[in-house]
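Engineer: What follows is coords36.tsv, TSV, C-alpha atoms.
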chain	number	residue	atom	x	y	z
N	221	MET	CA	-21.77	-10.65	-16.33
N	222	HIS	CA	-25.39	-11.67	-16.44
N	223	PRO	CA	-26.36	-13.02	-19.89
N	224	ASP	CA	-29.23	-10.52	-20.19
N	225	GLU	CA	-27.07	-7.48	-19.45
N	226	PRO	CA	-26.03	-5.33	-22.44
N	227	THR	CA	-22.35	-5.63	-23.22
N	228	ASP	CA	-20.25	-2.48	-23.03
N	229	PRO	CA	-17.54	-2.65	-25.72
N	230	ARG	CA	-15.10	-1.03	-23.30
N	231	ASP	CA	-15.52	-3.86	-20.82
N	232	GLY	CA	-13.13	-6.32	-22.43
N	233	ASP	CA	-11.61	-7.28	-19.09
N	234	ALA	CA	-14.92	-8.82	-18.06
N	235	ARG	CA	-14.26	-11.56	-20.61
N	236	ASP	CA	-11.23	-13.41	-19.30
N	237	ARG	CA	-9.27	-15.44	-21.80
N	238	ASP	CA	-6.82	-18.28	-21.45
N	239	GLY	CA	-4.20	-16.88	-23.84
N	240	THR	CA	-5.60	-18.66	-26.88
N	241	GLY	CA	-8.39	-16.16	-27.48
N	242	ALA	CA	-11.11	-18.50	-26.26
N	243	ARG	CA	-13.64	-17.12	-23.85
N	244	LEU	CA	-13.51	-18.74	-20.43
N	245	ALA	CA	-16.83	-19.86	-19.00
N	246	ALA	CA	-17.72	-19.32	-15.37
N	247	PRO	CA	-17.02	-22.58	-13.53
N	248	HIS	CA	-20.55	-22.72	-12.15
N	249	GLY	CA	-22.40	-21.23	-15.11
N	250	PRO	CA	-23.00	-17.61	-16.12
N	251	SER	CA	-26.20	-17.33	-14.10
N	252	ALA	CA	-24.06	-17.25	-10.96
N	253	LEU	CA	-22.75	-13.80	-11.86
N	254	GLY	CA	-24.32	-10.45	-12.53
N	255	THR	CA	-23.98	-6.70	-12.45
N	256	VAL	CA	-26.67	-4.76	-10.66
N	257	ALA	CA	-27.22	-1.09	-11.55
N	258	THR	CA	-28.99	0.46	-8.56
N	259	ALA	CA	-26.98	3.59	-7.73
N	260	HIS	CA	-28.96	6.10	-9.78
N	261	GLY	CA	-28.56	3.80	-12.80
N	262	CYS	CA	-24.75	3.82	-12.70
N	263	ALA	CA	-23.33	0.30	-12.58
N	264	VAL	CA	-19.91	-0.52	-11.21
N	265	ALA	CA	-17.60	-1.02	-14.18
N	266	PRO	CA	-16.00	-4.45	-14.66
N	267	PRO	CA	-12.60	-4.74	-12.96
N	268	VAL	CA	-9.58	-3.82	-15.11
N	269	HIS	CA	-6.63	-6.19	-15.25
N	270	ILE	CA	-3.37	-4.31	-14.60
N	271	PRO	CA	-0.57	-6.90	-14.76
N	272	ARG	CA	2.29	-4.38	-14.43
N	273	PRO	CA	2.80	-0.81	-13.26
N	274	ASP	CA	3.61	0.23	-16.85
N	275	SER	CA	0.32	-1.20	-18.20
N	276	SER	CA	-2.24	1.15	-19.69
N	277	TRP	CA	-4.28	2.87	-16.97
N	278	LEU	CA	-6.62	4.57	-19.43
N	279	ARG	CA	-9.65	2.40	-18.66
N	280	VAL	CA	-9.14	2.86	-14.92
N	281	ARG	CA	-9.19	6.62	-15.41
N	282	GLU	CA	-12.17	6.49	-17.80
N	283	ASN	CA	-14.22	4.33	-15.44
N	284	LEU	CA	-13.66	6.76	-12.61
N	285	LEU	CA	-14.62	9.74	-14.74
N	286	ASP	CA	-17.64	8.05	-16.35
N	287	ARG	CA	-19.05	6.10	-13.41
N	288	GLY	CA	-17.48	7.60	-10.31
N	289	ALA	CA	-15.73	4.38	-9.28
N	290	THR	CA	-13.13	2.01	-10.70
N	291	VAL	CA	-11.60	-1.35	-9.77
N	292	ALA	CA	-8.15	-2.64	-10.79
N	293	TYR	CA	-6.85	-6.14	-10.15
N	294	ALA	CA	-3.75	-8.28	-10.65
N	295	THR	CA	-1.92	-11.15	-9.03
N	296	TRP	CA	0.81	-10.20	-6.62
N	297	THR	CA	3.20	-12.41	-8.57
N	298	GLU	CA	2.58	-10.26	-11.66
N	299	TRP	CA	3.78	-7.26	-9.65
N	300	LEU	CA	6.61	-9.12	-7.93
N	301	PRO	CA	9.28	-8.10	-10.49
N	302	SER	CA	8.48	-4.45	-9.80
N	303	VAL	CA	8.77	-5.02	-6.06
N	304	LEU	CA	12.14	-6.73	-6.45
N	305	THR	CA	13.75	-4.49	-9.06
N	306	THR	CA	12.52	-0.93	-8.64
N	307	PRO	CA	15.06	1.38	-7.00
N	308	ARG	CA	12.10	3.55	-5.93
N	309	LEU	CA	10.55	0.94	-3.62
N	310	ARG	CA	11.28	2.82	-0.39
N	311	ALA	CA	9.86	6.06	-1.78
N	312	LEU	CA	6.84	4.23	-3.18
N	313	LEU	CA	6.05	2.46	0.09
N	314	GLY	CA	6.52	5.60	2.16
N	315	ARG	CA	5.20	5.06	5.68
N	316	ASP	CA	4.73	1.35	4.93
N	317	TRP	CA	8.46	0.80	4.42
N	318	ASP	CA	9.12	-0.17	8.06
N	319	ARG	CA	6.30	-2.72	8.03
N	320	TYR	CA	7.66	-4.15	4.80
N	321	ALA	CA	11.25	-4.30	6.07
N	322	ASP	CA	10.25	-5.86	9.41
N	323	THR	CA	8.18	-8.67	7.86
N	324	GLN	CA	10.23	-11.86	8.03
N	325	ASP	CA	8.25	-14.14	5.71
N	326	PRO	CA	9.41	-13.25	2.16
N	327	VAL	CA	6.07	-14.21	0.56
N	328	VAL	CA	4.04	-12.12	3.01
N	329	ARG	CA	6.51	-9.25	2.63
N	330	CYS	CA	6.37	-9.19	-1.16
N	331	ARG	CA	2.59	-9.65	-1.28
N	332	PHE	CA	2.18	-6.72	1.11
N	333	ALA	CA	4.44	-4.51	-1.00
N	334	ALA	CA	2.68	-5.48	-4.23
N	335	SER	CA	-0.76	-4.63	-2.82
N	336	ARG	CA	0.43	-1.21	-1.62
N	337	LEU	CA	1.96	-0.48	-5.00
N	338	LEU	CA	-1.33	-1.40	-6.67
N	339	ILE	CA	-3.19	0.99	-4.37
N	340	LYS	CA	-0.77	3.82	-5.08
N	341	TYR	CA	-0.59	3.35	-8.84
N	342	THR	CA	-4.39	3.01	-9.10
N	343	ALA	CA	-4.99	6.14	-7.04
N	344	ALA	CA	-2.28	8.01	-8.94
N	345	ALA	CA	-3.84	7.10	-12.28
N	346	ALA	CA	-7.23	8.31	-11.03
N	347	LEU	CA	-5.92	11.54	-9.52
N	348	GLY	CA	-3.36	12.45	-12.15
N	349	ILE	CA	-0.32	12.55	-9.84
N	350	ASP	CA	2.76	10.44	-9.18
N	351	PRO	CA	2.37	7.29	-7.05
N	352	GLU	CA	5.09	8.54	-4.67
N	353	ASP	CA	2.79	11.45	-3.81
N	354	ILE	CA	0.06	9.11	-2.51
N	355	ASP	CA	0.24	8.71	1.27
N	356	ILE	CA	-1.58	5.62	2.57
N	357	ALA	CA	-2.88	5.70	6.13
N	358	TYR	CA	-5.09	3.27	8.04
N	359	ARG	CA	-8.32	3.54	9.96
N	360	LEU	CA	-9.17	1.46	13.01
N	361	GLY	CA	-9.40	-2.12	11.82
N	362	GLY	CA	-6.74	-1.61	9.15
N	363	ARG	CA	-8.84	-0.16	6.31
N	364	PRO	CA	-6.56	1.95	4.08
N	365	TYR	CA	-7.33	5.51	3.07
N	366	LEU	CA	-5.50	8.28	1.26
N	367	ARG	CA	-4.21	10.84	3.71
N	368	GLY	CA	-5.40	14.34	2.83
N	369	LEU	CA	-7.86	13.10	0.20
N	370	ASP	CA	-10.96	12.32	2.23
N	371	GLN	CA	-13.23	12.66	-0.81
N	372	VAL	CA	-11.67	9.51	-2.28
N	373	GLU	CA	-12.67	6.11	-0.89
N	374	VAL	CA	-10.39	3.09	-1.18
N	375	GLY	CA	-11.37	-0.57	-1.17
N	376	LEU	CA	-8.86	-3.42	-0.97
N	377	THR	CA	-9.29	-7.18	-1.09
N	378	HIS	CA	-7.00	-10.12	-1.69
N	379	THR	CA	-7.26	-13.89	-1.72
N	380	GLY	CA	-4.67	-16.38	-2.90
N	381	GLU	CA	-2.61	-14.63	-5.57
N	382	LEU	CA	-5.32	-12.12	-6.42
N	383	MET	CA	-5.35	-8.53	-5.19
N	384	ALA	CA	-7.92	-5.90	-6.16
N	385	VAL	CA	-8.18	-2.18	-5.43
N	386	GLY	CA	-11.25	0.02	-5.78
N	387	ILE	CA	-11.29	3.82	-5.94
N	388	SER	CA	-14.52	5.81	-5.59
N	389	ARG	CA	-15.15	9.55	-5.62
N	390	ILE	CA	-18.92	9.34	-5.13
N	391	GLY	CA	-19.20	7.49	-1.82
N	392	ARG	CA	-18.24	4.43	0.19
N	393	MET	CA	-16.79	1.39	-1.52
N	394	GLY	CA	-16.16	-2.20	-0.48
N	395	LEU	CA	-14.61	-5.17	-2.28
N	396	ASP	CA	-14.40	-8.87	-1.61
N	397	ALA	CA	-12.83	-11.71	-3.57
N	398	GLU	CA	-12.90	-15.50	-3.40
N	399	ARG	CA	-11.79	-18.44	-5.47
N	400	ALA	CA	-14.67	-19.34	-7.77
N	401	ASP	CA	-14.06	-23.03	-7.05
N	402	ARG	CA	-13.81	-22.65	-3.28
N	403	ARG	CA	-15.12	-25.70	-1.45
N	404	PHE	CA	-17.23	-25.21	1.66
N	405	ASP	CA	-20.01	-26.81	3.69
N	406	LEU	CA	-23.03	-25.49	1.83
N	407	ASP	CA	-25.55	-26.13	4.62
N	408	LEU	CA	-23.32	-24.55	7.27
N	409	ILE	CA	-22.68	-21.37	5.28
N	410	ARG	CA	-26.31	-21.19	4.16
N	411	ASN	CA	-27.45	-21.16	7.80
N	412	ARG	CA	-24.88	-18.53	8.76
N	413	ILE	CA	-25.32	-15.96	6.00
N	414	CYS	CA	-28.72	-16.39	4.35
N	415	THR	CA	-31.95	-14.59	5.11
N	416	PRO	CA	-35.11	-16.72	5.10
N	417	ALA	CA	-35.93	-15.50	1.58
N	418	GLU	CA	-32.43	-16.32	0.29
N	419	ALA	CA	-32.52	-19.77	1.88
N	420	THR	CA	-35.87	-20.50	0.25
N	421	GLY	CA	-34.55	-19.33	-3.11
N	422	LEU	CA	-31.41	-21.45	-2.80
N	423	ASP	CA	-33.44	-24.55	-1.99
N	424	ALA	CA	-35.44	-24.00	-5.18
N	425	LEU	CA	-32.32	-23.97	-7.37
N	426	PRO	CA	-30.89	-27.07	-9.04
N	427	ALA	CA	-28.33	-28.67	-6.73
N	428	ASP	CA	-25.43	-27.95	-9.08
N	429	ARG	CA	-26.10	-24.17	-8.96
N	430	ARG	CA	-26.45	-23.66	-5.23
N	431	ALA	CA	-22.78	-23.40	-4.32
N	432	ALA	CA	-22.06	-20.77	-6.98
N	433	CYS	CA	-25.07	-18.70	-5.99
N	434	LEU	CA	-24.18	-18.90	-2.31
N	435	LEU	CA	-20.60	-17.86	-3.00
N	436	ARG	CA	-21.84	-14.83	-4.92
N	437	LEU	CA	-24.14	-13.86	-2.02
N	438	TRP	CA	-21.28	-14.34	0.43
N	439	THR	CA	-18.88	-12.05	-1.44
N	440	LEU	CA	-21.58	-9.41	-2.01
N	441	LYS	CA	-22.37	-9.31	1.70
N	442	GLU	CA	-18.69	-9.09	2.58
N	443	ALA	CA	-18.24	-6.21	0.13
N	444	TYR	CA	-21.31	-4.37	1.42
N	445	THR	CA	-20.35	-4.61	5.09
N	446	LYS	CA	-16.79	-3.54	4.29
N	447	ALA	CA	-18.18	-0.48	2.51
N	448	LEU	CA	-20.23	0.30	5.61
N	449	GLY	CA	-17.15	-0.13	7.80
N	450	GLN	CA	-18.87	-2.90	9.76
N	451	GLY	CA	-16.97	-5.99	8.64
N	452	MET	CA	-18.36	-9.07	10.38
N	453	ARG	CA	-20.11	-6.98	13.06
N	454	LEU	CA	-23.28	-6.79	10.93
N	455	PRO	CA	-25.00	-10.20	10.85
N	456	PHE	CA	-25.35	-11.40	7.28
N	457	THR	CA	-28.78	-12.86	8.04
N	458	GLU	CA	-30.22	-9.36	8.64
N	459	PHE	CA	-30.00	-8.19	5.03
N	460	GLY	CA	-30.20	-9.95	1.71
N	461	PHE	CA	-29.83	-9.81	-2.05
N	462	ASP	CA	-31.84	-11.07	-4.97
N	463	LEU	CA	-30.48	-14.41	-6.13
N	464	GLY	CA	-30.49	-13.02	-9.65
N	465	PRO	CA	-29.64	-9.48	-10.68
N	466	GLY	CA	-31.15	-7.17	-8.10
N	467	GLY	CA	-30.25	-4.93	-5.21
N	468	LEU	CA	-30.67	-5.09	-1.45
N	469	ARG	CA	-33.54	-7.06	0.03
N	470	THR	CA	-35.08	-7.31	3.47
N	471	PRO	CA	-34.91	-10.70	5.25
N	472	ASP	CA	-38.37	-11.59	3.89
N	473	GLY	CA	-37.28	-10.79	0.32
N	474	THR	CA	-38.90	-7.38	-0.05
N	475	GLU	CA	-36.95	-4.92	-2.16
N	476	ALA	CA	-35.15	-2.41	0.05
N	477	LEU	CA	-35.96	1.27	-0.36
N	478	GLY	CA	-33.57	3.67	-2.06
N	479	ASP	CA	-31.27	3.49	-5.05
N	480	GLU	CA	-28.01	4.68	-3.52
N	481	TRP	CA	-26.07	1.43	-3.90
N	482	ALA	CA	-24.60	-0.36	-6.90
N	483	PHE	CA	-23.38	-3.96	-6.70
N	484	ALA	CA	-21.44	-6.14	-9.09
N	485	THR	CA	-19.83	-9.57	-9.19
N	486	HIS	CA	-17.37	-10.52	-11.91
N	487	LEU	CA	-15.28	-13.56	-12.74
N	488	VAL	CA	-11.64	-12.62	-13.37
N	489	LEU	CA	-8.66	-14.67	-14.50
N	490	GLY	CA	-11.07	-17.55	-14.98
N	491	ARG	CA	-10.83	-18.54	-11.30
N	492	TYR	CA	-11.68	-15.66	-8.95
N	493	LEU	CA	-14.85	-13.76	-8.10
N	494	ILE	CA	-14.65	-10.06	-7.27
N	495	SER	CA	-17.71	-8.44	-5.74
N	496	ALA	CA	-18.02	-4.67	-5.36
N	497	ALA	CA	-20.44	-2.50	-3.40
N	498	CYS	CA	-20.43	1.21	-4.21
N	499	HIS	CA	-22.50	3.90	-2.50
N	500	ASP	CA	-23.61	7.01	-4.34
N	501	ALA	CA	-23.60	9.83	-1.79
N	502	GLY	CA	-24.93	12.32	-4.35
N	503	LEU	CA	-21.58	13.90	-5.12
N	504	ASP	CA	-21.17	15.49	-8.54
N	505	PRO	CA	-20.53	12.57	-10.92
N	506	ALA	CA	-18.80	14.90	-13.38
N	507	GLY	CA	-16.42	16.36	-10.79
N	508	ASP	CA	-12.73	16.65	-11.52
N	509	THR	CA	-10.64	14.19	-9.49
N	510	SER	CA	-7.28	15.80	-10.15
N	511	VAL	CA	-5.60	16.35	-6.83
N	512	GLY	CA	-5.52	20.13	-7.13
N	513	THR	CA	-9.30	20.48	-7.23
N	514	MET	CA	-9.72	18.28	-4.16
N	515	LEU	CA	-7.54	20.34	-1.82
N	516	ASP	CA	-8.80	23.07	0.45
N	517	ARG	CA	-8.26	26.59	-0.92
N	518	SER	CA	-6.44	27.70	2.24
N	519	LEU	CA	-4.01	24.81	1.84
N	520	LEU	CA	-3.46	25.67	-1.82
N	521	THR	CA	-2.77	29.27	-0.82
N	522	ALA	CA	-0.34	28.17	1.86
N	523	MET	CA	1.50	25.97	-0.64
N	524	THR	CA	1.73	28.72	-3.30
N	525	PRO	CA	4.69	31.15	-3.25
N	526	PRO	CA	3.70	34.85	-2.96
N	527	GLY	CA	2.69	36.34	-6.30
N	528	GLN	CA	2.02	32.99	-7.96
N	529	ASP	CA	-1.50	32.24	-9.19
N	530	THR	CA	-3.21	29.22	-7.60
N	531	GLY	CA	-4.87	28.39	-10.91
N	532	GLY	CA	-8.31	29.74	-10.08
N	533	VAL	CA	-9.48	26.55	-8.40
N	534	ASP	CA	-13.00	26.84	-6.99
N	535	ILE	CA	-13.68	24.71	-3.94
Please re-express this file's structure in C-alpha cells.

Structural biologist:
Amino acid sequence: MHPDEPTDPRDGDARDRDGTGARLAAPHGPSALGTVATAHGCAVAPPVHIPRPDSSWLRVRENLLDRGATVAYATWTEWLPSVLTTPRLRALLGRDWDRYADTQDPVVRCRFAASRLLIKYTAAAALGIDPEDIDIAYRLGGRPYLRGLDQVEVGLTHTGELMAVGISRIGRMGLDAERADRRFDLDLIRNRICTPAEATGLDALPADRRAACLLRLWTLKEAYTKALGQGMRLPFTEFGFDLGPGGLRTPDGTEALGDEWAFATHLVLGRYLISAACHDAGLDPAGDTSVGTMLDRSLLTAMTPPGQDTGGVDI
C-alpha cells in the first residue's frame, strides 16, 4: 500500500506479519507498491488471506458487496490437507476430476486441485451457495469462468506456492503474481515492456529502486492484458502506467481518458506481489450477487415445481 493512501481498518491482510506481530516491510521499499482508485473512485480491496476452506470468508463477501470485486489468496500447501483428506474431492472438482486423476506428477496434481478448490470456495462465498454447486468451465486459452453465471468474472494467478483468485460482478478482472525478490535482467525487461515515458522515469529513479518498480509495472501489465483477454498478444510497450500511484498512461506518459479501470498491487506473505486490474462496466454496484438473482426468470420458472412461488425475483 502506498504510504500516502488512507488505511482502511478492514484491510488487515494488507499488512503481512511474520507470526511475531511485527509488520513486514516490502523488500524493495514501500514506494514500490500502491493502490490506484480509478474505477469511479472504487479501489480494489487488498487481497484476503484464506489459509483453509474453513477460514472466515466474511471479508471476501464484504469486499464483493462493498466494492464489486474481491481477491482471495493462499499457498497451495496450505490447502493441501483439504485436497488429501476431504471425501468430497470428486464432487468438489466436478468436471476437473478427470484432469486431476490423469495428472501423473503429484505436485502438479495437488496444486491444480488446490487452485480449483480456492476458485470454488471463493465463488461460493461470494454467491451464497455451496462450492459443489459451482461449475468451472474454460474459455479458449484456458481462462476459467463459472458456467451459467456470465455476470461474474473470474481471475486466477499462481506462482511458486502462491495462488490467488479474483471475483468481480462489475466487469472484467485480471490478476498476476510474482515473487517480490525475483531476479531478472533489468535492461532486457525494461526494453521489452516499458513505454518511452516509463523508461525515462525508471532511469531517473535511484538504482536500488528500479527493479522493484519494474516488477510492479510488469505485473500490472500482465493483469491488465489478462483482464482484456489478450494475454501476451498486446505489446506491453503500447500502454503504460504511472510509476507512482496512477492509472493508465499513453506511451508518451499522457494520462489515458476514462475512469473505468481500477488497479492495485499488494505485497502478501512478505514475499509475493499480487497485481489486480478491475474494469467497471457500469453495472449496479449494490446489486445482489446471490445465485438466485443472477439466473434468468425463464430458467427459474423451469426449475420451480408447479404451484411453488419463485420468490418474486426481478431480472

Engineer: Can you pull out the residues contacting stretch 361-377 of chain N? Cut-off 6 Å, using all atoms listed in the file, and skip same-chain residues under 6 positions away; I want them as a ChimeraX atom specification.

Structural biologist: /N:355,383-389,392-396

Engineer: Using all atoms listed in the file, can you tell me which of N:Arg329, N:Val280, N:Arg319, N:Gly391 comes closest to N:Ala343?

Structural biologist: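 Closest to N:Ala343 of all the choices is N:Val280.
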
Engineer: Within 12 Å of (-41.6, -8.6, 3.8) in the file's own coordinates, which protein, DNA or RNA residues have an atom, counting all atoms listed in the file? List them as a PDB file with C-alpha atoms, in the frame of the given file.

Structural biologist:
ATOM      1  CA  THR N 415     -31.950 -14.590   5.110  1.00  0.00           C
ATOM      2  CA  PRO N 416     -35.110 -16.720   5.100  1.00  0.00           C
ATOM      3  CA  ALA N 417     -35.930 -15.500   1.580  1.00  0.00           C
ATOM      4  CA  PHE N 459     -30.000  -8.190   5.030  1.00  0.00           C
ATOM      5  CA  GLY N 460     -30.200  -9.950   1.710  1.00  0.00           C
ATOM      6  CA  ARG N 469     -33.540  -7.060   0.030  1.00  0.00           C
ATOM      7  CA  THR N 470     -35.080  -7.310   3.470  1.00  0.00           C
ATOM      8  CA  PRO N 471     -34.910 -10.700   5.250  1.00  0.00           C
ATOM      9  CA  ASP N 472     -38.370 -11.590   3.890  1.00  0.00           C
ATOM     10  CA  GLY N 473     -37.280 -10.790   0.320  1.00  0.00           C
ATOM     11  CA  THR N 474     -38.900  -7.380  -0.050  1.00  0.00           C
ATOM     12  CA  GLU N 475     -36.950  -4.920  -2.160  1.00  0.00           C
ATOM     13  CA  ALA N 476     -35.150  -2.410   0.050  1.00  0.00           C
TER      14      ALA N 476
END

Engineer: Can you work out the spacing between atom CA of N:Ile494 and atom CA of N:Ala482 in Å, to one decimal?

Structural biologist: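 Between atom CA of N:Ile494 and atom CA of N:Ala482 the gap is 13.9 Å.
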
Engineer: Do you know which residues are at most 10 Å from stretch 345-352 of chain N counting only C-alpha atoms, after dropping those on the same chain fewer than 4 positions away, and could you put them as an MDAnalysis selection string?

Structural biologist: chainID N and resid 276:285 289:290 308:314 337:341 372 387:389 508:514

Engineer: Using all atoms listed in the file, can you tell me which of N:Val327, N:Ala419, N:Ala484, N:Ala397 comes closest to N:His378?

Structural biologist: N:Ala397

Engineer: Find, counting only C-alpha atoms, the residue in N:Pro273, N:Gly467, N:Gly502, N:Pro326 that gets nearest to N:Gly288.

Structural biologist: N:Gly502

Engineer: Which value, in Å to one decimal, gives the distance between atom CA of N:Pro426 and atom CA of N:Gly464?

Structural biologist: 14.1 Å

Engineer: Provide the atom CA of N:Ile354 to atom CA of N:Val291 distance in Å, to one decimal place.

Structural biologist: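 Result for atom CA of N:Ile354 versus atom CA of N:Val291: 17.3 Å, one decimal.
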
Engineer: May I have the residues within 9 Å of N:Trp296 as a VMD selection string, using only C-alpha atoms and disregarding those fewer than 2 positions away in the same chain?

Structural biologist: chain N and resid 271 294 298 to 300 330 to 335 381 to 383

Engineer: Go through N:Thr379, N:Thr305, N:Gln450, N:Thr420 one by one, measure the shortest atom-to-atom distance of each to N:Tyr293 using all atoms listed in the file, and give the residue with the smallest value.

Structural biologist: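 Among the listed residues, N:Thr379 lies closest to N:Tyr293.
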